[in-house]
Amino acid sequence: MPTVVLAYSGGLDTSVAIRWIKEQYNLDVITVTIDVGNARDLPAIAARAKSIGAVKALIVDGRTDFVRYFVWPALQAGAIYEGEYPLATALARPLIARLLVEVARAEGAIAVAHGCTGKGNDQVRFDVSINTLAPDLKIIAPVREWSMTRDHEIAYATEHHIPIQVTNASPYSVDQNLWGRSVECGILEDPWAEPPEEVYAWTSNPDLSKHNNGSQPQEPSYIEITFQQGIPVGLNGEEMDGVALIETLNKLAGSYGIGRIDHIENRLVGIKSREVYEAPSAVVLHNAHRSLESMTLSRDQARFKEVVAAEYSRLIYDGQWYSALHQDLAAYVRSTQRFVSGVVRMKLTHGHCIVVGRKSEHSLYNHSLATYDSGDQFDHNAALGFIKLWGLPLTTQAQVQLLPELGRGQFAERACGVGGRNSGEGDHKGPHPTPHRSRPYKDTKVAKG
């Protein structure tokens, strides 16, 4: 019988999909569960898949590849979607898609399948990635095709004796990997409702008044993160591989309640969605990395990299990892990271991580130029000429065009956003609704400071 390879998480959607695909498509189902730091009982998940009807249940350890080829490049780029979301789920999808294709090739499958809905982002990420890597493979998306509600899925699972952990009393949809944990559905669909504490699993409540059993550290912790070319390679002087470093930071920062994100985000499919994330390690490392860049990138590099970071994060979110644009942006990002090496000291306290120190052999910070104390080597006299040249285009245009057109007084008012022809003062009949009365200079009080 022809086979299909199903990306299997062990959750409600993909568990129901095993039975549904056999019924609707008459295909044998091979499940592949990819470990990207999901912290699950993987052998139990594989056993569940076989008990439901999978002919084979495979487990692939993708953690090292996930960190090396997806998480670290995103960190180097400063990729945070809409300034809030560190893109944990979005980063894992292209890796899972690639591994799905590899397993399908190895098993001689004619199709691949995933458990994405028809109104989420993941369907786009999977389908676009799979079609790019293997356009000949058929894609089956049971949840999108059957149009079941979550209640109907639970009823279907109950009717067919499919073992699941989701109930109507606990309706949250959770996805997690090394880089973060996302939670949606249930009460979280009301953007006015505060997320209940039960939705959090990685982070302690940062409100100390909620702790009576000493479960949260009382004193701040200081940590030092070592970077080589924008990639974290050590913690507190100890060299660590990426997986171990992220796991360690998740536990430590999570114990301080660091990494909670409550975000209304713009989905690719055109709707707004309320998402709750936990990303302790991602939040700490992005802050540390950005601080080290502030020492090692020039002003213009940093300015343009912000533009690249926004586009890079959009590209990841929109499922365009396997694109020429990504290759182009990644090449620029790698170039910017050549000198982003050094150590950043962070202070972890309740709900906050704060950069309190940074050092680098490639630092562009020069104490003798920055200090106001003795030893100041900055040429103050050079500032006069710089100011004159820097302001030359403005003063030239003002003298030639702006001042003659308006008169000096009116130009000053327009520069401050009041008065002038465009304000409506000249055409308004009757008293101006918000009259502007300039006070004579001699009556103006100037604060000392």
# chains A, B, ... in the order shown; residues from 1 in each chain; ligands from 1
$ residues_around --residues "Arg40 in chain A" --least-positions-apart "2" --cutoff "12 Å" --atoms "only C-alpha atoms" --output "ChimeraX atom specification"
/A:9-11,33-38,42-46,59,175-178
$ write_last_selection --atoms "C-alpha atoms" --output "PDB file, in the first residue's frame"
ATOM      1  CA  SER A   9       3.649  15.617  17.613  1.00  0.00           C
ATOM      2  CA  GLY A  10       1.552  13.264  19.689  1.00  0.00           C
ATOM      3  CA  GLY A  11      -1.108  15.926  20.175  1.00  0.00           C
ATOM      4  CA  THR A  33       8.467  12.798  15.518  1.00  0.00           C
ATOM      5  CA  ILE A  34      11.251  15.344  15.387  1.00  0.00           C
ATOM      6  CA  ASP A  35      12.910  16.353  18.624  1.00  0.00           C
ATOM      7  CA  VAL A  36      13.712  20.064  18.552  1.00  0.00           C
ATOM      8  CA  GLY A  37      13.794  20.321  22.327  1.00  0.00           C
ATOM      9  CA  ASN A  38      10.147  19.572  22.946  1.00  0.00           C
ATOM     10  CA  LEU A  42       9.430  10.480  22.733  1.00  0.00           C
ATOM     11  CA  PRO A  43       9.246   6.666  23.073  1.00  0.00           C
ATOM     12  CA  ALA A  44       5.740   7.012  24.521  1.00  0.00           C
ATOM     13  CA  ILE A  45       4.728   9.259  21.610  1.00  0.00           C
ATOM     14  CA  ALA A  46       6.024   6.702  19.101  1.00  0.00           C
ATOM     15  CA  ILE A  59      12.042   9.569  16.019  1.00  0.00           C
ATOM     16  CA  ASP A 175       3.896  24.123  20.783  1.00  0.00           C
ATOM     17  CA  GLN A 176       7.386  24.189  22.198  1.00  0.00           C
ATOM     18  CA  ASN A 177      11.007  23.709  21.289  1.00  0.00           C
ATOM     19  CA  LEU A 178      14.376  24.777  22.681  1.00  0.00           C
TER      20      LEU A 178
END
$ select_by_dssp --residues "range 61-281 of chain A" --states "strand (DSSP E or B)" --output "ChimeraX atom specification"
/A:61,81,85,111-113,138-140,167,170,173-177,180-184,221-228,231-235,238-239,260-266,272-278
$ residues_around --residues "Ala282 in chain A" --least-positions-apart "4" --cutoff "12 Å" --atoms "only C-alpha atoms" --output "ChimeraX atom specification"
/A:67,71-72,74-76,78-80,84-88,177-181,232,245-251,253-254,258-261,277-278,286-290,353
$ write_last_selection --atoms "C-alpha atoms" --output "PDB file, in the first residue's frame"
ATOM      1  CA  VAL A  67      20.296  25.404  17.006  1.00  0.00           C
ATOM      2  CA  VAL A  71      18.376  29.483  15.944  1.00  0.00           C
ATOM      3  CA  TRP A  72      21.897  30.924  15.826  1.00  0.00           C
ATOM      4  CA  ALA A  74      18.236  34.149  13.625  1.00  0.00           C
ATOM      5  CA  LEU A  75      19.975  35.389  16.773  1.00  0.00           C
ATOM      6  CA  GLN A  76      22.824  36.843  14.720  1.00  0.00           C
ATOM      7  CA  GLY A  78      18.376  39.985  15.594  1.00  0.00           C
ATOM      8  CA  ALA A  79      15.194  38.416  14.214  1.00  0.00           C
ATOM      9  CA  ILE A  80      12.254  39.256  16.492  1.00  0.00           C
ATOM     10  CA  GLU A  84       8.009  40.816  20.377  1.00  0.00           C
ATOM     11  CA  TYR A  85       8.138  37.236  19.091  1.00  0.00           C
ATOM     12  CA  PRO A  86      11.541  35.437  18.958  1.00  0.00           C
ATOM     13  CA  LEU A  87      10.124  33.104  16.272  1.00  0.00           C
ATOM     14  CA  ALA A  88      10.586  29.776  18.091  1.00  0.00           C
ATOM     15  CA  ASN A 177      11.007  23.709  21.289  1.00  0.00           C
ATOM     16  CA  LEU A 178      14.376  24.777  22.681  1.00  0.00           C
ATOM     17  CA  TRP A 179      13.905  28.396  21.649  1.00  0.00           C
ATOM     18  CA  GLY A 180      10.442  28.937  23.118  1.00  0.00           C
ATOM     19  CA  ARG A 181       6.970  27.804  24.018  1.00  0.00           C
ATOM     20  CA  PRO A 232      26.965  32.169  22.159  1.00  0.00           C
ATOM     21  CA  LEU A 245      23.548  26.573  26.819  1.00  0.00           C
ATOM     22  CA  ILE A 246      19.961  27.265  25.777  1.00  0.00           C
ATOM     23  CA  GLU A 247      18.565  24.621  28.146  1.00  0.00           C
ATOM     24  CA  THR A 248      20.593  26.014  31.058  1.00  0.00           C
ATOM     25  CA  LEU A 249      19.473  29.581  30.401  1.00  0.00           C
ATOM     26  CA  ASN A 250      15.841  28.513  30.003  1.00  0.00           C
ATOM     27  CA  LYS A 251      15.859  27.048  33.508  1.00  0.00           C
ATOM     28  CA  ALA A 253      16.067  32.806  33.529  1.00  0.00           C
ATOM     29  CA  GLY A 254      12.710  31.038  33.748  1.00  0.00           C
ATOM     30  CA  ILE A 258      11.979  36.169  32.507  1.00  0.00           C
ATOM     31  CA  GLY A 259      10.685  35.559  28.996  1.00  0.00           C
ATOM     32  CA  ARG A 260       6.900  35.935  29.269  1.00  0.00           C
ATOM     33  CA  ILE A 261       5.424  37.551  26.140  1.00  0.00           C
ATOM     34  CA  TYR A 277       4.978  32.888  24.590  1.00  0.00           C
ATOM     35  CA  GLU A 278       7.627  31.774  27.029  1.00  0.00           C
ATOM     36  CA  HIS A 286      18.867  38.635  22.196  1.00  0.00           C
ATOM     37  CA  ASN A 287      19.450  41.353  24.796  1.00  0.00           C
ATOM     38  CA  ALA A 288      23.056  40.262  25.323  1.00  0.00           C
ATOM     39  CA  HIS A 289      23.775  39.976  21.610  1.00  0.00           C
ATOM     40  CA  ARG A 290      22.280  43.385  20.849  1.00  0.00           C
ATOM     41  CA  CYS A 353      17.239  40.746  32.469  1.00  0.00           C
TER      42      CYS A 353
END
$ closest_residue --among "A:Val5, A:Ala383, A:Cys116, A:Ile354" --to "Glu102 in chain A" --atoms "only C-alpha atoms"
A:Val5
$ residues_around --residues "range 237-240 of chain A" --least-positions-apart "4" --cutoff "8 Å" --atoms "only C-alpha atoms" --output "list in words"
Glu224, Ile225, Thr226, Val233, Ala244 and Leu245 of chain A
$ closest_residue --among "A:Asp262, A:His152, A:Ala141, A:Lys388" --to "Pro195 in chain A" --atoms "only C-alpha atoms"
A:Asp262
$ atom_distance --atom1 "CA of Asn26 in chain A" --atom2 "CA of Lys50 in chain A"
16.6 Å
$ residues_around --residues "range 365-370 of chain A" --least-positions-apart "3" --cutoff "12 Å" --atoms "only C-alpha atoms" --output "PyMOL selection string"
chain A and resi 292-299+358-362+373-380
$ write_last_selection --atoms "N, CA and C atoms" --output "compact mmCIF listing (two decimals), in the first residue's frame"
# COMPACT_ATOMS: atom_id res chain seq x y z
N LEU A 292 26.27 43.59 22.74
CA LEU A 292 27.62 43.41 22.21
C LEU A 292 27.75 44.05 20.83
N GLU A 293 26.69 43.98 20.03
CA GLU A 293 26.72 44.65 18.73
C GLU A 293 26.86 46.16 18.88
N SER A 294 26.28 46.71 19.93
CA SER A 294 26.37 48.16 20.12
C SER A 294 27.82 48.61 20.31
N MET A 295 28.69 47.68 20.75
CA MET A 295 30.10 48.01 20.92
C MET A 295 30.93 47.74 19.67
N THR A 296 30.48 46.83 18.83
CA THR A 296 31.35 46.32 17.77
C THR A 296 30.89 46.68 16.36
N LEU A 297 29.68 47.20 16.21
CA LEU A 297 29.21 47.65 14.90
C LEU A 297 29.27 49.17 14.83
N SER A 298 29.58 49.67 13.66
CA SER A 298 29.53 51.12 13.47
C SER A 298 28.08 51.60 13.49
N ARG A 299 27.92 52.90 13.60
CA ARG A 299 26.58 53.48 13.63
C ARG A 299 25.79 53.11 12.39
N ARG A 358 29.84 44.76 29.42
CA ARG A 358 30.19 44.13 28.16
C ARG A 358 31.64 44.49 27.82
N LYS A 359 32.34 43.54 27.17
CA LYS A 359 33.72 43.80 26.76
C LYS A 359 34.02 43.00 25.51
N SER A 360 34.92 43.56 24.68
CA SER A 360 35.29 42.90 23.43
C SER A 360 36.64 43.41 22.96
N GLU A 361 37.46 42.50 22.40
CA GLU A 361 38.72 42.91 21.82
C GLU A 361 38.51 43.78 20.59
N HIS A 362 37.33 43.70 20.01
CA HIS A 362 37.03 44.46 18.79
C HIS A 362 36.14 45.66 19.08
N ASP A 373 36.36 63.14 31.94
CA ASP A 373 37.33 63.37 33.01
C ASP A 373 38.71 63.63 32.41
N SER A 374 39.71 63.68 33.28
CA SER A 374 41.07 63.87 32.80
C SER A 374 41.45 62.70 31.89
N GLY A 375 42.27 62.97 30.92
CA GLY A 375 42.60 61.96 29.93
C GLY A 375 41.75 62.06 28.69
N ASP A 376 40.85 63.04 28.66
CA ASP A 376 40.00 63.27 27.49
C ASP A 376 40.86 63.66 26.29
N GLN A 377 40.80 62.84 25.23
CA GLN A 377 41.58 63.11 24.02
C GLN A 377 40.72 63.57 22.85
N PHE A 378 39.45 63.81 23.10
CA PHE A 378 38.56 64.27 22.04
C PHE A 378 38.91 65.71 21.67
N ASP A 379 39.02 66.00 20.38
CA ASP A 379 39.37 67.33 19.91
C ASP A 379 38.11 68.20 19.85
N HIS A 380 37.88 68.95 20.94
CA HIS A 380 36.68 69.77 21.03
C HIS A 380 36.65 70.86 19.96
$ closest_residue --among "A:Gln337, A:Asn266, A:Ser291, A:Thr395" --to "Arg314 in chain A" --atoms "only C-alpha atoms"
A:Asn266
$ closest_residue --among "A:Ala47, A:Val199, A:Val16, A:Val128" --to "Ala155 in chain A" --atoms "only C-alpha atoms"
A:Val16
$ select_by_dssp --residues "range 12-66 of chain A" --states "helix (DSSP H, G or I)" --output "PyMOL selection string"
chain A and resi 12-25+42-52+63-66
$ residues_around --residues "range 103-115 of chain A" --least-positions-apart "4" --cutoff "7 Å" --atoms "only C-alpha atoms" --output "list in words"
Pro2, Thr3, Val4, Val5, Leu6, Ala7, Asp13, Thr14, Leu99, Leu137, Lys138, Ile139, Ile140, Ala141, Pro142 and Val143 of chain A
$ write_last_selection --atoms "N, CA and C atoms" --output "tab-separated table (two decimals), in the first residue's frame"
chain	number	residue	atom	x	y	z
A	2	PRO	N	0.53	2.28	-0.79
A	2	PRO	CA	1.31	3.52	-0.77
A	2	PRO	C	1.34	4.12	0.63
A	3	THR	N	2.39	4.90	0.89
A	3	THR	CA	2.57	5.45	2.23
A	3	THR	C	2.63	6.97	2.21
A	4	VAL	N	2.32	7.54	3.36
A	4	VAL	CA	2.44	8.97	3.60
A	4	VAL	C	3.24	9.14	4.88
A	5	VAL	N	4.09	10.15	4.92
A	5	VAL	CA	4.87	10.45	6.11
A	5	VAL	C	4.22	11.63	6.82
A	6	LEU	N	3.81	11.40	8.05
A	6	LEU	CA	3.09	12.40	8.85
A	6	LEU	C	4.01	12.99	9.92
A	7	ALA	N	4.11	14.30	9.96
A	7	ALA	CA	4.82	14.97	11.05
A	7	ALA	C	3.96	14.83	12.31
A	13	ASP	N	-4.39	17.02	17.08
A	13	ASP	CA	-4.57	17.11	15.64
A	13	ASP	C	-3.92	15.95	14.90
A	14	THR	N	-2.65	15.69	15.21
A	14	THR	CA	-1.94	14.65	14.46
A	14	THR	C	-2.33	13.24	14.90
A	99	LEU	N	13.22	17.60	7.06
A	99	LEU	CA	13.34	16.22	7.55
A	99	LEU	C	12.18	15.36	7.06
A	137	LEU	N	5.97	15.75	-4.26
A	137	LEU	CA	5.27	15.11	-3.15
A	137	LEU	C	3.90	15.77	-2.91
A	138	LYS	N	2.89	14.94	-2.74
A	138	LYS	CA	1.56	15.43	-2.39
A	138	LYS	C	1.57	15.84	-0.93
A	139	ILE	N	0.85	16.92	-0.63
A	139	ILE	CA	0.74	17.39	0.76
A	139	ILE	C	-0.69	17.17	1.24
A	140	ILE	N	-0.82	16.46	2.35
A	140	ILE	CA	-2.12	16.22	2.96
A	140	ILE	C	-2.17	16.98	4.28
A	141	ALA	N	-3.22	17.75	4.46
A	141	ALA	CA	-3.40	18.53	5.69
A	141	ALA	C	-4.79	18.22	6.24
A	142	PRO	N	-4.92	17.14	7.00
A	142	PRO	CA	-6.24	16.68	7.44
A	142	PRO	C	-7.07	17.74	8.16
A	143	VAL	N	-6.46	18.47	9.09
A	143	VAL	CA	-7.23	19.45	9.86
A	143	VAL	C	-7.79	20.52	8.95
$ closest_residue --among "A:Ala77, A:Thr89, A:His352, A:Glu275" --to "Tyr172 in chain A" --atoms "only C-alpha atoms"
A:Glu275
$ residues_around --residues "Ile30 in chain A" --least-positions-apart "5" --cutoff "6 Å" --atoms "only C-alpha atoms" --output "VMD selection string"
chain A and resid 5 54 to 57
